[in-house]
Protein chains: 2
Amino acid sequence: MYVILVYDATPKRGNKVLKYLRKKLNWVQNSVFEGELTESSLMEMKKDLESLINKEHDSIIYYVFDSKSYFEKVIIGVEKSNLDTII
Amino acid sequence: MYVILVYDATPKRGNKVLKYLRKKLNWVQNSVFEGELTESSLMEMKKDLESLINKEHDSIIYYVFDSKSYFEKVIIGVEKSNLDTII
């Protein structure tokens, strides 16, 4: 399955989410990640993320596709993920 | 067509992008929008966004689908778009 994930959390919790997601998905931009996951990894990730955020205040949204071929990705400007190592 | 869009720009230009996108798509979270667009509106939006950002520094990524039915959307925590009017 292919996942596009965006998150919005306080800096402290956002940092934990960032660190966690770097191990699971590919960083795209800002607080955006995408990548291929098995259904079981996705379920595990959901559970882990639920424990990392404050569900009253933070927000994580992810979009799940059967395949990456279902969408076209267009980039205007810089492809930030090239800068991954700098951040 | 259905579009998920994320942007990353300096506050000044980001603000212009935000104002522009609020007229075209639905605000989802942070610097994330989504919505239905015709192919011609999408082309127009792309052109407009190209003129609003600095292409050397800022980044806008959008994912285009034939239909919203191609993905499942999962929200963990708060659905920020409910707070749209507060922001």
# chains A, B, ... in the order shown; residues from 1 in each chain; ligands from 1

call {"tool": "select_by_dssp", "arguments": {"residues": "chain B", "states": "strand (DSSP E or B)", "output": "number ranges by chain"}}
result
B: 2-8, 26-29, 32-36, 59-65, 71-77

call {"tool": "write_last_selection", "arguments": {"atoms": "C-alpha atoms", "output": "compact mmCIF listing (two decimals), in the first residue's frame"}}
result
# COMPACT_ATOMS: atom_id res chain seq x y z
CA TYR B 2 -9.12 15.37 -7.06
CA VAL B 3 -6.05 17.13 -5.69
CA ILE B 4 -4.07 16.90 -2.44
CA LEU B 5 -1.64 19.80 -2.18
CA VAL B 6 1.13 20.61 0.31
CA TYR B 7 3.28 23.72 0.30
CA ASP B 8 6.41 24.94 2.02
CA ASN B 26 -10.41 23.03 1.02
CA TRP B 27 -7.99 23.62 3.85
CA VAL B 28 -7.11 20.35 5.59
CA GLN B 29 -4.30 21.04 8.04
CA VAL B 32 -2.24 21.10 3.31
CA PHE B 33 -5.24 21.48 1.03
CA GLU B 34 -7.40 19.14 -0.95
CA GLY B 35 -10.32 19.37 -3.33
CA GLU B 36 -12.03 18.73 -6.59
CA SER B 59 8.11 24.09 -2.77
CA ILE B 60 4.60 23.07 -3.70
CA ILE B 61 3.73 19.44 -4.28
CA TYR B 62 0.39 18.20 -5.45
CA TYR B 63 -0.98 14.76 -6.07
CA VAL B 64 -3.64 14.37 -8.74
CA PHE B 65 -6.21 11.57 -8.85
CA PHE B 71 -7.84 6.56 -1.55
CA GLU B 72 -8.93 6.05 2.00
CA LYS B 73 -8.39 9.01 4.34
CA VAL B 74 -7.56 8.29 7.98
CA ILE B 75 -7.42 10.96 10.69
CA ILE B 76 -5.64 10.41 14.02
CA GLY B 77 -6.37 13.07 16.61

call {"tool": "select_by_dssp", "arguments": {"residues": "region 8-44 of chain B", "states": "alpha helix (DSSP H)", "output": "PyMOL selection string"}}
result
chain B and resi 11-24+39-44

call {"tool": "write_last_selection", "arguments": {"atoms": "C-alpha atoms", "output": "mmCIF file, in the first residue's frame"}}
result
data_model
loop_
_atom_site.group_PDB
_atom_site.id
_atom_site.type_symbol
_atom_site.label_atom_id
_atom_site.label_comp_id
_atom_site.auth_asym_id
_atom_site.auth_seq_id
_atom_site.Cartn_x
_atom_site.Cartn_y
_atom_site.Cartn_z
ATOM 1 C CA PRO B 11 5.952 33.124 5.863
ATOM 2 C CA LYS B 12 5.477 36.056 3.495
ATOM 3 C CA ARG B 13 5.043 34.014 0.344
ATOM 4 C CA GLY B 14 3.377 31.188 2.278
ATOM 5 C CA ASN B 15 0.695 33.619 3.333
ATOM 6 C CA LYS B 16 -0.023 34.566 -0.262
ATOM 7 C CA VAL B 17 -0.205 30.900 -1.216
ATOM 8 C CA LEU B 18 -2.544 30.227 1.723
ATOM 9 C CA LYS B 19 -4.882 33.065 0.742
ATOM 10 C CA TYR B 20 -4.903 31.948 -2.867
ATOM 11 C CA LEU B 21 -5.521 28.271 -2.068
ATOM 12 C CA ARG B 22 -8.382 29.045 0.304
ATOM 13 C CA LYS B 23 -10.301 30.249 -2.740
ATOM 14 C CA LYS B 24 -9.555 27.145 -4.794
ATOM 15 C CA GLU B 39 -8.338 19.973 -15.471
ATOM 16 C CA SER B 40 -8.426 23.569 -16.677
ATOM 17 C CA SER B 41 -8.735 24.988 -13.136
ATOM 18 C CA LEU B 42 -5.813 22.835 -12.134
ATOM 19 C CA MET B 43 -3.688 24.206 -14.954
ATOM 20 C CA GLU B 44 -4.689 27.734 -14.011
#

call {"tool": "closest_residue", "arguments": {"among": "B:Asn30, B:Leu37, B:Ser81, B:Met1", "to": "chain A", "atoms": "only C-alpha atoms"}}
result
B:Asn30

call {"tool": "residues_around", "arguments": {"residues": "His57 (chain B)", "least_positions_apart": "3", "cutoff": "10 Å", "atoms": "only C-alpha atoms", "output": "count of residues only"}}
result
9

call {"tool": "decode", "arguments": {"residues": "region 6-17 of chain B", "atoms": "N, CA and C atoms", "output": "PDB file, in the first residue's frame"}}
result
ATOM      1  N   VAL B   6       0.360  20.160  -0.864  1.00  0.00           N
ATOM      2  CA  VAL B   6       1.126  20.607   0.306  1.00  0.00           C
ATOM      3  C   VAL B   6       2.112  21.685  -0.148  1.00  0.00           C
ATOM      4  N   TYR B   7       2.325  22.693   0.688  1.00  0.00           N
ATOM      5  CA  TYR B   7       3.284  23.722   0.300  1.00  0.00           C
ATOM      6  C   TYR B   7       4.228  24.043   1.437  1.00  0.00           C
ATOM      7  N   ASP B   8       5.362  24.567   1.063  1.00  0.00           N
ATOM      8  CA  ASP B   8       6.406  24.939   2.017  1.00  0.00           C
ATOM      9  C   ASP B   8       7.067  26.203   1.462  1.00  0.00           C
ATOM     10  N   ALA B   9       6.765  27.336   2.098  1.00  0.00           N
ATOM     11  CA  ALA B   9       7.290  28.608   1.606  1.00  0.00           C
ATOM     12  C   ALA B   9       7.613  29.503   2.791  1.00  0.00           C
ATOM     13  N   THR B  10       8.368  30.563   2.563  1.00  0.00           N
ATOM     14  CA  THR B  10       8.644  31.518   3.633  1.00  0.00           C
ATOM     15  C   THR B  10       7.316  32.107   4.112  1.00  0.00           C
ATOM     16  N   PRO B  11       7.245  32.613   5.358  1.00  0.00           N
ATOM     17  CA  PRO B  11       5.952  33.124   5.863  1.00  0.00           C
ATOM     18  C   PRO B  11       5.290  34.120   4.916  1.00  0.00           C
ATOM     19  N   LYS B  12       6.071  35.023   4.351  1.00  0.00           N
ATOM     20  CA  LYS B  12       5.477  36.056   3.495  1.00  0.00           C
ATOM     21  C   LYS B  12       4.820  35.444   2.244  1.00  0.00           C
ATOM     22  N   ARG B  13       5.596  34.635   1.553  1.00  0.00           N
ATOM     23  CA  ARG B  13       5.043  34.014   0.344  1.00  0.00           C
ATOM     24  C   ARG B  13       4.033  32.920   0.714  1.00  0.00           C
ATOM     25  N   GLY B  14       4.294  32.234   1.816  1.00  0.00           N
ATOM     26  CA  GLY B  14       3.377  31.188   2.278  1.00  0.00           C
ATOM     27  C   GLY B  14       1.991  31.756   2.544  1.00  0.00           C
ATOM     28  N   ASN B  15       1.955  32.961   3.045  1.00  0.00           N
ATOM     29  CA  ASN B  15       0.695  33.619   3.333  1.00  0.00           C
ATOM     30  C   ASN B  15      -0.106  33.918   2.063  1.00  0.00           C
ATOM     31  N   LYS B  16       0.628  34.317   1.030  1.00  0.00           N
ATOM     32  CA  LYS B  16      -0.023  34.566  -0.262  1.00  0.00           C
ATOM     33  C   LYS B  16      -0.589  33.277  -0.835  1.00  0.00           C
ATOM     34  N   VAL B  17       0.216  32.207  -0.714  1.00  0.00           N
ATOM     35  CA  VAL B  17      -0.205  30.900  -1.216  1.00  0.00           C
ATOM     36  C   VAL B  17      -1.453  30.439  -0.457  1.00  0.00           C
TER      37      VAL B  17
END
